[in-house]
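As provided, upload_1.cif (mmCIF, C-alpha atoms and all ligand atoms) reads as follows.
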data_data
loop_
_atom_site.label_atom_id
_atom_site.label_comp_id
_atom_site.auth_asym_id
_atom_site.auth_seq_id
_atom_site.Cartn_x
_atom_site.Cartn_y
_atom_site.Cartn_z
CA MET A 1 309.32 253.22 41.62
CA ALA A 2 306.89 255.06 43.85
CA THR A 3 303.61 253.33 44.68
CA ILE A 4 300.00 254.46 44.65
CA ILE A 5 298.63 253.16 47.92
CA GLY A 6 295.17 254.64 47.66
CA GLY A 7 292.81 257.02 45.98
CA LEU A 8 290.58 259.20 48.10
CA GLY A 9 287.71 261.42 47.10
CA THR A 10 286.51 264.10 49.46
CA SER A 11 284.60 267.34 49.82
CA HIS A 12 286.62 270.45 50.61
CA VAL A 13 283.84 272.78 51.82
CA PRO A 14 285.41 275.82 53.54
CA SER A 15 282.89 275.71 56.39
CA ILE A 16 284.50 272.43 57.47
CA GLY A 17 287.70 274.33 58.25
CA VAL A 18 285.75 277.08 59.94
CA ALA A 19 283.90 274.52 62.09
CA LEU A 20 287.27 273.11 63.21
CA ASP A 21 288.65 276.60 63.86
CA ARG A 22 285.68 277.43 66.07
CA GLY A 23 285.65 274.12 67.93
CA LEU A 24 282.28 273.06 66.50
CA ARG A 25 283.34 269.49 65.72
CA ASP A 26 280.98 267.91 68.22
CA THR A 27 277.96 270.16 67.72
CA PRO A 28 274.78 268.48 66.39
CA ASP A 29 275.28 270.11 62.97
CA TRP A 30 278.79 268.84 62.50
CA LYS A 31 279.32 265.71 64.60
CA PRO A 32 277.77 263.23 62.14
CA PHE A 33 279.86 264.71 59.38
CA PHE A 34 283.18 264.50 61.21
CA ASP A 35 282.43 261.14 62.82
CA GLY A 36 282.08 259.61 59.38
CA TYR A 37 285.62 260.66 58.51
CA GLU A 38 287.18 258.80 61.45
CA VAL A 39 287.53 255.61 59.40
CA GLY A 40 289.25 257.60 56.68
CA LYS A 41 291.67 259.10 59.18
CA GLU A 42 292.40 255.67 60.58
CA TRP A 43 292.98 254.29 57.11
CA MET A 44 295.43 257.12 56.53
CA ARG A 45 297.30 256.45 59.79
CA GLU A 46 297.75 252.82 58.83
CA ALA A 47 298.59 253.51 55.20
CA LYS A 48 301.54 255.74 56.20
CA PRO A 49 301.88 257.67 52.95
CA ASP A 50 304.92 259.84 52.22
CA VAL A 51 303.26 262.05 49.65
CA ALA A 52 299.73 263.32 49.00
CA VAL A 53 298.84 264.46 45.51
CA VAL A 54 295.90 266.81 45.98
CA ILE A 55 293.69 267.76 43.05
CA PHE A 56 291.57 270.80 43.82
CA ASN A 57 290.41 274.14 42.50
CA ASP A 58 291.31 277.58 43.69
CA HIS A 59 288.34 279.71 44.77
CA GLY A 60 289.51 283.19 43.92
CA ASN A 61 292.32 283.12 46.43
CA SER A 62 295.57 282.28 44.66
CA PHE A 63 294.38 282.99 41.13
CA PHE A 64 292.34 285.96 39.98
CA LEU A 65 290.54 286.27 36.66
CA ASP A 66 293.52 288.08 35.14
CA ARG A 67 295.02 284.68 34.41
CA VAL A 68 293.10 281.45 34.62
CA PRO A 69 295.12 278.27 34.13
CA THR A 70 293.01 275.27 33.16
CA PHE A 71 295.55 273.09 34.94
CA ALA A 72 298.39 274.16 37.23
CA VAL A 73 301.00 272.16 39.14
CA GLY A 74 302.88 273.36 42.20
CA VAL A 75 306.65 272.81 42.31
CA ALA A 76 307.28 274.90 45.42
CA GLU A 77 309.18 273.81 48.51
CA THR A 78 306.48 275.21 50.79
CA TYR A 79 302.85 276.22 50.37
CA LYS A 80 301.37 278.59 52.90
CA PRO A 81 297.65 278.59 53.72
CA VAL A 82 296.27 281.67 51.98
CA ASP A 83 294.31 284.41 53.74
CA GLU A 84 290.87 284.08 52.14
CA GLY A 85 289.61 287.24 53.79
CA TRP A 86 289.04 285.90 57.31
CA GLY A 87 292.70 286.14 58.29
CA PRO A 88 295.35 283.43 58.43
CA ARG A 89 294.31 280.02 59.79
CA ALA A 90 296.31 278.29 62.51
CA ILE A 91 297.43 275.34 60.42
CA ALA A 92 300.93 274.30 59.45
CA PRO A 93 302.35 275.18 56.03
CA PHE A 94 302.60 272.33 53.55
CA GLU A 95 305.94 270.98 52.42
CA GLY A 96 306.17 270.29 48.68
CA ALA A 97 307.32 267.02 47.16
CA VAL A 98 309.43 269.02 44.74
CA ASP A 99 311.06 266.19 42.80
CA LEU A 100 307.80 264.37 42.20
CA SER A 101 306.15 267.65 41.19
CA TRP A 102 308.76 268.34 38.55
CA HIS A 103 308.55 264.78 37.35
CA LEU A 104 304.82 265.29 36.96
CA VAL A 105 305.40 268.48 34.98
CA ASP A 106 307.83 266.62 32.71
CA LYS A 107 305.38 263.78 32.14
CA LEU A 108 302.40 266.03 31.58
CA VAL A 109 304.13 268.07 28.92
CA GLU A 110 305.50 264.91 27.30
CA ARG A 111 301.90 263.65 27.14
CA HIS A 112 300.65 266.93 25.69
CA PHE A 113 299.17 268.44 28.82
CA ASP A 114 300.65 271.88 29.32
CA PRO A 115 300.08 273.04 32.87
CA LEU A 116 301.00 276.32 34.47
CA VAL A 117 304.02 275.57 36.66
CA CYS A 118 303.89 277.38 40.01
CA ARG A 119 307.11 278.01 41.90
CA GLU A 120 305.65 280.31 44.56
CA ILE A 121 301.97 280.10 45.48
CA ASP A 122 299.66 279.80 48.49
CA VAL A 123 296.92 277.19 48.85
CA ASP A 124 293.30 277.75 49.82
CA HIS A 125 290.69 275.58 51.53
CA GLY A 126 290.59 273.33 48.47
CA LEU A 127 293.81 271.73 49.69
CA GLN A 128 293.69 272.64 53.38
CA VAL A 129 290.37 271.04 54.25
CA PRO A 130 291.01 267.59 52.72
CA MET A 131 294.36 267.48 54.54
CA GLU A 132 292.68 268.37 57.83
CA LEU A 133 289.95 265.80 57.28
CA PHE A 134 292.42 262.94 56.80
CA PHE A 135 295.39 264.05 58.90
CA GLY A 136 293.82 266.21 61.62
CA ARG A 137 295.71 269.26 62.84
CA PRO A 138 299.32 268.16 63.32
CA GLU A 139 302.15 270.59 64.18
CA ALA A 140 303.73 269.47 60.93
CA TRP A 141 302.02 267.49 58.17
CA PRO A 142 303.21 263.87 58.00
CA VAL A 143 303.33 263.97 54.18
CA LYS A 144 304.69 266.20 51.46
CA VAL A 145 302.23 267.45 48.87
CA VAL A 146 301.92 267.79 45.13
CA PRO A 147 299.14 270.31 44.44
CA ILE A 148 297.25 270.17 41.15
CA TRP A 149 294.82 273.00 40.45
CA VAL A 150 291.93 272.55 38.04
CA ASN A 151 289.93 275.54 36.89
CA THR A 152 286.30 274.95 37.82
CA ILE A 153 285.33 278.61 38.28
CA GLN A 154 285.43 280.31 34.90
CA TYR A 155 283.96 278.58 31.87
CA PRO A 156 285.15 276.83 29.87
CA ILE A 157 286.20 274.39 32.57
CA PRO A 158 287.99 271.24 31.40
CA THR A 159 285.93 268.24 30.31
CA PRO A 160 285.52 265.19 32.54
CA GLN A 161 287.37 263.19 29.89
CA ARG A 162 290.37 265.51 30.12
CA CYS A 163 290.46 265.15 33.90
CA TRP A 164 290.40 261.39 33.53
CA ASP A 165 293.24 261.47 31.00
CA MET A 166 295.27 263.60 33.35
CA GLY A 167 294.83 260.88 35.94
CA ARG A 168 296.35 258.37 33.52
CA VAL A 169 299.43 260.57 33.23
CA LEU A 170 299.53 261.01 37.00
CA ARG A 171 299.68 257.26 37.38
CA GLU A 172 302.45 256.98 34.83
CA THR A 173 304.29 259.74 36.69
CA ILE A 174 304.15 258.01 40.05
CA GLU A 175 305.01 254.60 38.66
CA SER A 176 308.02 255.93 36.77
CA PHE A 177 309.35 257.97 39.68
CA PRO A 178 312.72 256.71 40.89
CA GLY A 179 311.97 256.50 44.60
CA ASP A 180 310.10 254.32 47.04
CA GLU A 181 307.52 256.89 48.13
CA ARG A 182 304.09 255.74 49.13
CA VAL A 183 301.64 258.09 47.43
CA VAL A 184 297.98 258.81 48.12
CA ILE A 185 295.90 260.72 45.60
CA LEU A 186 293.14 263.01 46.82
CA GLY A 187 290.50 264.07 44.34
CA THR A 188 288.53 266.82 45.99
CA GLY A 189 285.42 268.97 45.66
CA GLY A 190 281.66 268.51 45.74
CA LEU A 191 279.41 266.86 46.30
CA SER A 192 276.24 268.48 44.99
CA HIS A 193 275.85 272.18 45.69
CA GLN A 194 274.89 275.41 44.00
CA LEU A 195 275.71 278.84 45.39
CA GLN A 196 274.47 281.11 42.60
CA GLY A 197 271.27 281.69 40.66
CA ALA A 198 267.70 280.99 41.66
CA ARG A 199 268.51 277.26 42.04
CA ALA A 200 270.96 278.11 44.86
CA GLY A 201 270.79 275.63 47.72
CA PHE A 202 270.27 272.75 45.29
CA ILE A 203 271.42 269.46 46.83
CA ASN A 204 270.90 266.11 45.10
CA ARG A 205 271.27 263.43 47.76
CA GLU A 206 270.33 260.62 45.41
CA ALA A 207 272.91 261.60 42.81
CA ASP A 208 275.52 262.05 45.54
CA MET A 209 274.94 258.58 46.97
CA ALA A 210 275.09 257.07 43.48
CA TRP A 211 278.34 258.96 42.86
CA LEU A 212 280.09 257.52 45.91
CA ASP A 213 279.48 253.97 44.69
CA GLY A 214 279.76 254.78 41.02
CA ILE A 215 283.13 256.50 41.22
CA ALA A 216 284.43 253.20 42.56
CA ASN A 217 282.50 250.65 40.55
CA ASP A 218 281.21 252.38 37.45
CA PRO A 219 283.65 255.20 36.69
CA GLU A 220 283.06 254.90 32.94
CA HIS A 221 279.60 256.29 33.47
CA TYR A 222 280.94 259.46 35.10
CA ARG A 223 283.85 259.69 32.74
CA ASN A 224 281.47 259.80 29.80
CA MET A 225 279.15 262.46 31.20
CA THR A 226 279.28 266.00 29.83
CA ARG A 227 279.98 269.11 31.87
CA GLU A 228 276.32 270.04 31.42
CA ASP A 229 275.33 266.71 32.95
CA TYR A 230 277.51 267.49 35.96
CA VAL A 231 276.00 270.93 36.40
CA GLU A 232 272.50 269.57 36.04
CA GLN A 233 272.94 266.66 38.47
CA PHE A 234 275.31 268.19 41.01
CA GLY A 235 274.68 271.95 40.72
CA SER A 236 276.82 274.68 39.21
CA GLU A 237 279.47 274.48 41.92
CA GLY A 238 279.01 270.71 42.38
CA ALA A 239 280.40 270.28 38.88
CA GLU A 240 283.82 270.50 40.53
CA LEU A 241 283.34 266.75 41.16
CA ILE A 242 285.11 266.29 37.82
CA MET A 243 288.31 266.63 39.85
CA TRP A 244 287.71 263.23 41.45
CA LEU A 245 288.13 261.79 37.94
CA VAL A 246 291.83 262.74 38.00
CA MET A 247 292.19 260.52 41.05
CA ARG A 248 290.02 257.76 39.62
CA GLY A 249 291.82 257.80 36.27
CA ALA A 250 295.07 257.12 38.13
CA MET A 251 293.67 254.01 39.79
CA ASP A 252 293.06 250.49 38.40
CA PRO A 253 289.90 249.94 36.36
CA LYS A 254 288.72 247.75 39.23
CA VAL A 255 289.13 249.06 42.74
CA LYS A 256 288.02 248.15 46.23
CA LEU A 257 285.70 250.64 47.90
CA ILE A 258 287.15 250.52 51.40
CA HIS A 259 285.17 253.34 53.02
CA LYS A 260 282.49 255.79 52.07
CA HIS A 261 280.64 258.45 54.00
CA TYR A 262 277.92 260.93 53.16
CA HIS A 263 276.33 263.78 55.06
CA ALA A 264 274.09 266.60 53.87
CA PRO A 265 274.05 269.45 54.23
CA ALA A 266 277.50 270.54 55.36
CA SER A 267 276.85 274.26 55.13
CA MET A 268 275.10 274.32 51.71
CA THR A 269 276.75 271.21 50.30
CA GLY A 270 276.30 267.49 50.04
CA ALA A 271 279.54 266.28 51.61
CA GLY A 272 281.40 263.03 51.88
CA MET A 273 284.30 260.85 50.96
CA VAL A 274 285.49 257.55 49.59
CA VAL A 275 288.66 255.56 50.19
CA LEU A 276 289.67 253.37 47.26
CA GLU A 277 292.45 250.82 46.90
CA ASN A 278 293.63 249.12 43.75
CA GLU A 279 292.66 245.47 43.52
CA GLY A 280 296.34 244.88 42.83
CA MET B 1 279.40 275.19 27.32
CA THR B 2 278.70 278.90 27.33
CA ASP B 3 274.96 278.74 27.03
CA SER B 4 273.99 278.86 30.66
CA SER B 5 270.30 278.96 29.88
CA ARG B 6 269.98 275.22 29.26
CA ILE B 7 269.76 274.45 32.96
CA PRO B 8 267.10 276.65 34.51
CA ASP B 9 268.09 279.17 37.19
CA THR B 10 271.71 278.12 36.92
CA PRO B 11 274.02 280.86 35.65
CA LEU B 12 277.50 279.72 34.67
CA PHE B 13 280.42 282.06 35.06
CA ASP B 14 281.40 282.30 31.43
CA ARG B 15 283.07 284.83 29.15
CA ALA B 16 280.23 287.34 29.45
CA GLY B 17 280.04 287.12 33.24
CA SER B 18 283.78 287.29 33.64
CA ILE B 19 284.00 290.42 31.53
CA ARG B 20 280.95 292.05 33.07
CA GLY B 21 282.01 291.38 36.64
CA TYR B 22 285.73 291.98 36.30
CA LYS B 23 286.03 295.19 38.33
CA LEU B 24 283.59 294.07 40.98
CA ASN B 25 285.42 290.77 41.41
CA LYS B 26 288.79 292.51 41.40
CA MET B 27 287.64 294.76 44.24
CA ALA B 28 286.40 291.75 46.20
CA MET B 29 289.58 289.78 45.52
CA ALA B 30 291.56 292.62 47.07
CA LEU B 31 289.85 291.93 50.40
CA GLY B 32 292.18 288.97 50.81
CA ASP B 33 294.70 291.57 51.98
CA PRO B 34 294.18 292.81 55.58
CA ALA B 35 295.22 296.37 54.66
CA ASN B 36 292.46 296.46 52.06
CA ARG B 37 289.95 295.10 54.54
CA ASP B 38 290.81 298.01 56.82
CA ALA B 39 290.43 300.46 53.96
CA PHE B 40 287.06 298.95 53.06
CA ARG B 41 285.87 299.27 56.65
CA GLU B 42 287.15 302.79 56.96
CA ASN B 43 285.60 304.27 53.84
CA GLU B 44 283.75 301.76 51.74
CA GLU B 45 282.77 304.08 48.93
CA ALA B 46 286.30 305.41 48.50
CA PHE B 47 287.54 301.83 48.41
CA LEU B 48 285.02 300.91 45.70
CA ASP B 49 286.01 303.99 43.72
CA ARG B 50 289.61 302.84 43.71
CA PHE B 51 288.47 299.93 41.55
CA GLY B 52 286.37 302.07 39.23
CA LEU B 53 283.04 300.49 40.10
CA SER B 54 279.95 301.89 38.39
CA ALA B 55 277.16 303.54 40.39
CA GLU B 56 275.08 300.39 39.93
CA GLU B 57 277.86 298.13 41.19
CA LYS B 58 278.58 300.39 44.13
CA ALA B 59 274.93 300.43 45.13
CA ALA B 60 274.77 296.63 44.97
CA VAL B 61 277.84 296.24 47.17
CA MET B 62 276.91 298.93 49.66
CA SER B 63 273.40 297.56 50.15
CA ARG B 64 274.81 293.99 50.33
CA ASP B 65 272.45 293.00 47.55
CA TRP B 66 273.92 289.56 46.85
CA HIS B 67 271.48 288.80 44.08
CA GLU B 68 272.27 292.02 42.26
CA MET B 69 276.02 291.57 42.68
CA VAL B 70 275.79 288.21 40.91
CA ARG B 71 273.56 289.69 38.21
CA LEU B 72 276.26 292.29 37.59
CA GLY B 73 278.83 289.54 37.04
CA GLY B 74 280.03 289.11 40.59
CA ASN B 75 281.22 285.56 41.18
CA LEU B 76 280.27 284.19 44.55
CA PHE B 77 283.78 283.03 45.41
CA PHE B 78 285.06 286.58 45.10
CA ILE B 79 282.16 288.55 46.53
CA LEU B 80 282.04 286.17 49.49
CA LYS B 81 285.06 288.06 50.81
CA ILE B 82 282.75 290.98 51.49
CA SER B 83 281.08 288.73 54.05
CA ALA B 84 284.46 288.29 55.72
CA VAL B 85 284.56 292.02 56.40
CA ASP B 86 280.86 292.36 57.16
CA PRO B 87 279.77 288.93 58.41
CA VAL B 88 276.75 287.31 56.77
CA PRO B 89 276.17 283.54 56.78
CA ILE B 90 276.59 281.94 53.38
CA THR B 91 273.13 280.42 53.70
CA GLN B 92 271.72 283.93 53.84
CA ILE B 93 273.59 284.78 50.65
CA GLY B 94 272.16 281.58 49.20
CA ALA B 95 268.67 282.60 50.23
CA ALA B 96 269.16 285.93 48.47
CA GLN B 97 270.18 284.06 45.30
CA ALA B 98 267.08 281.90 45.51
CA GLY B 99 264.89 284.90 46.27
CA MET B 100 263.76 283.30 49.50
CA ASP B 101 263.50 284.21 53.11
CA HIS B 102 266.44 282.72 55.12
CA ALA B 103 264.36 280.35 57.27
CA GLU B 104 262.36 279.20 54.27
CA PHE B 105 265.60 278.59 52.33
CA LEU B 106 267.11 276.51 55.15
CA ALA B 107 263.99 274.39 55.40
CA GLN B 108 263.08 273.97 51.75
CA ARG B 109 266.44 273.83 50.02
CA LEU B 110 268.74 272.43 52.69
CA GLY B 111 266.20 270.35 54.59
CA LYS B 112 267.08 271.96 57.93
CA VAL B 113 264.44 272.15 60.61
FE FE C 1 285.68 273.93 45.47
#
Any chance you could give the structure as structure tokens?
Ligand SMILES: [Fe+2]
Amino acid sequence: MATIIGGLGTSHVPSIGVALDRGLRDTPDWKPFFDGYEVGKEWMREAKPDVAVVIFNDHGNSFFLDRVPTFAVGVAETYKPVDEGWGPRAIAPFEGAVDLSWHLVDKLVERHFDPLVCREIDVDHGLQVPMELFFGRPEAWPVKVVPIWVNTIQYPIPTPQRCWDMGRVLRETIESFPGDERVVILGTGGLSHQLQGARAGFINREADMAWLDGIANDPEHYRNMTREDYVEQFGSEGAELIMWLVMRGAMDPKVKLIHKHYHAPASMTGAGMVVLENEG
Amino acid sequence: MTDSSRIPDTPLFDRAGSIRGYKLNKMAMALGDPANRDAFRENEEAFLDRFGLSAEEKAAVMSRDWHEMVRLGGNLFFILKISAVDPVPITQIGAAQAGMDHAEFLAQRLGKV
């Protein structure tokens, strides 16, 4: 069976990619942010995963409003970085872990999740940026990916409880996969931010800090919150934090919080990460 | 979860917004294609007409009125692509949402000095 070697939570703010593209890593605005990820990168180097399952949302790049899947799973052999309007980015395409993806689709449907299954699709910053944060800018990515898209743009978005339950199925999927792959799970998005309405620019540092500990040590609290609670505490776009629950739901009830990092603002967003390991 | 009025000043992109902003967002989505970006640059109004935008929507786009675009159902993730063609920092778009001056927005909302 394949093994879950860690669960990571991270922001996927597009400006992070832009900062890397423009060589701004060591500028005063960005250095503290990127420096804090070094321990995460090092953890990743040592963990030597074969596959990264990345849970993220599309931001009007691969999906338009003509069809909005609540959950989608990629089963492609390759995922190209999508042109979000600023032209193609100089990062390598992502190779799909096709067999594990299909196994996930089988398991999800068996467990009464019914995702959209995507055979040919590009990926936006939601997947790109987390990969860059933990793997840098290699010529070729050292892992294959299983992308899971969660709709967090058009309401109704899924409930936190549903995201958690999907994580349970993800765990079952990995543990029943006939292979010896080492799998990391990346729940992405957040932290607090709001881009629209008169409350735009809302950042809740206190709630963000509490989240980074709580997602490790008190996940039940966040699992039980409503979508309204998320919007209220983390902002309308910060509600995408529900995607970390897919990761957390796949981990043990008790986990070790190996690393955490927080920086605000990254662009208009509270940003950061956690690295979790099962107590085993 | 469709009553966006419960949390003050926090519109949620729900059924009403999605329907209201459909054409505007579809136009903006098209800017992911370089050929469309060229067409937009070349003759913006003709490009907007291709998507059947109303006079009100066209005026909002052409004056880069980010607050108005959102009021008309524009979703930030789509309309942001306009700022890829005609560069504007996202914080300035944020300031427009908040109804604040850019410097004031950076200081008060984002805590930047
Ligand atoms: Fe996002």
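Residues in contact with Gly87 (chain A) at 9 Å, where all atoms listed in the file are counted and same-chain residues fewer than 3 positions away are skipped, are listed as Val82, Asp83 and Glu84 of chain A; Gly32, Asp33, Pro34 and Ala84 of chain B.
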Neighbours of ligand FE 1 (chain C) within 6 Å, counting all atoms listed in the file, as a PyMOL selection string? chain A and resi 57+126+189
Sort by chain and increasing residue number a table of all residues of chain B within 9 Å of chain A, each with its closest pair of atoms and their distance in Å to one decimal, counting only C-alpha atoms, and write it as a Markdown table.
| residue | atom | partner | partner_atom | distance |
| --- | --- | --- | --- | --- |
| B:Met1 | CA | A:Pro156 | CA | 6.5 |
| B:Thr2 | CA | A:Tyr155 | CA | 7.0 |
| B:Arg6 | CA | A:Glu228 | CA | 8.5 |
| B:Ile7 | CA | A:Glu232 | CA | 6.4 |
| B:Pro8 | CA | A:Arg199 | CA | 7.7 |
| B:Asp9 | CA | A:Ala198 | CA | 4.8 |
| B:Thr10 | CA | A:Gly197 | CA | 5.2 |
| B:Pro11 | CA | A:Gly197 | CA | 5.8 |
| B:Leu12 | CA | A:Ser236 | CA | 6.8 |
| B:Phe13 | CA | A:Gln154 | CA | 5.3 |
| B:Asp14 | CA | A:Tyr155 | CA | 4.5 |
| B:Arg15 | CA | A:Tyr155 | CA | 6.9 |
| B:Gly17 | CA | A:Gln154 | CA | 8.8 |
| B:Ser18 | CA | A:Gln154 | CA | 7.3 |
| B:Tyr22 | CA | A:Leu65 | CA | 7.5 |
| B:Asn25 | CA | A:Leu65 | CA | 8.3 |
| B:Lys26 | CA | A:Phe64 | CA | 7.6 |
| B:Met29 | CA | A:Gly60 | CA | 6.8 |
| B:Ala30 | CA | A:Gly85 | CA | 8.8 |
| B:Leu31 | CA | A:Gly85 | CA | 5.8 |
| B:Gly32 | CA | A:Gly85 | CA | 4.3 |
| B:Asp33 | CA | A:Gly85 | CA | 6.9 |
| B:Pro34 | CA | A:Gly87 | CA | 7.4 |
| B:Arg37 | CA | A:Gly85 | CA | 7.9 |
| B:His67 | CA | A:Gly197 | CA | 7.9 |
| B:Val70 | CA | A:Gln196 | CA | 7.4 |
| B:Arg71 | CA | A:Gly197 | CA | 8.7 |
| B:Asn75 | CA | A:Gln196 | CA | 8.2 |
| B:Leu76 | CA | A:Gln196 | CA | 6.9 |
| B:Phe77 | CA | A:His59 | CA | 5.7 |
| B:Phe78 | CA | A:Gly60 | CA | 5.7 |
| B:Leu80 | CA | A:Gly85 | CA | 8.8 |
| B:Lys81 | CA | A:Gly85 | CA | 5.5 |
| B:Ile82 | CA | A:Gly85 | CA | 8.1 |
| B:Ser83 | CA | A:Gly85 | CA | 8.7 |
| B:Ala84 | CA | A:Trp86 | CA | 5.4 |
| B:Val85 | CA | A:Gly85 | CA | 7.4 |
| B:Ile90 | CA | A:Ser267 | CA | 7.9 |
| B:Thr91 | CA | A:Met268 | CA | 6.7 |
| B:Ile93 | CA | A:Leu195 | CA | 8.2 |
| B:Gly94 | CA | A:Ala200 | CA | 5.7 |
| B:Ala95 | CA | A:Ala200 | CA | 7.4 |
| B:Ala96 | CA | A:Ala198 | CA | 8.5 |
| B:Gln97 | CA | A:Gly197 | CA | 5.3 |
| B:Ala98 | CA | A:Ala198 | CA | 4.0 |
| B:Gly99 | CA | A:Ala198 | CA | 6.7 |
| B:Phe105 | CA | A:Gly201 | CA | 7.5 |
| B:Leu106 | CA | A:Gly201 | CA | 8.3 |
| B:Gln108 | CA | A:Gly201 | CA | 8.9 |
| B:Arg109 | CA | A:Gly201 | CA | 5.2 |
| B:Leu110 | CA | A:Gly201 | CA | 6.3 |
| B:Gly111 | CA | A:Pro265 | CA | 7.9 |
| B:Lys112 | CA | A:Pro265 | CA | 8.3 |
Nearest to Arg248 (chain A) among A:Gly280, A:Gly17, A:Gly190, A:Gly9, with distances taken over all atoms listed in the file: which residue is it?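 Checking each candidate against Arg248 (chain A), we get A:Gly9 as the closest.
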Would you mind listing what lies within 8 Å of Val75 (chain A) as a PyMOL selection string, with only C-alpha atoms counted and same-chain residues fewer than 4 positions away left out? chain A and resi 96-99+101-102+117-120+146
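Going from CA of Arg205 (chain A) over to CA of Asp101 (chain B), you cover 22.8 Å.
Across the model, the gap from CA of Glu44 (chain B) to CA of Gln92 (chain B) is 21.6 Å.
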For CA of Glu42 (chain A) and CA of Asp21 (chain A), quote the distance in Å rounded to one decimal.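 For CA of Glu42 (chain A) relative to CA of Asp21 (chain A), the distance reads 21.5 Å.
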With 8 Å on each side, where is the centre of the axis-aligned box around all listed atoms of region 79-86 of chain B, and how long are its edges in Å to one decimal, as JSON?
{"center_x": 283.0, "center_y": 289.3, "center_z": 51.8, "size_x": 20.2, "size_y": 22.2, "size_z": 26.6}
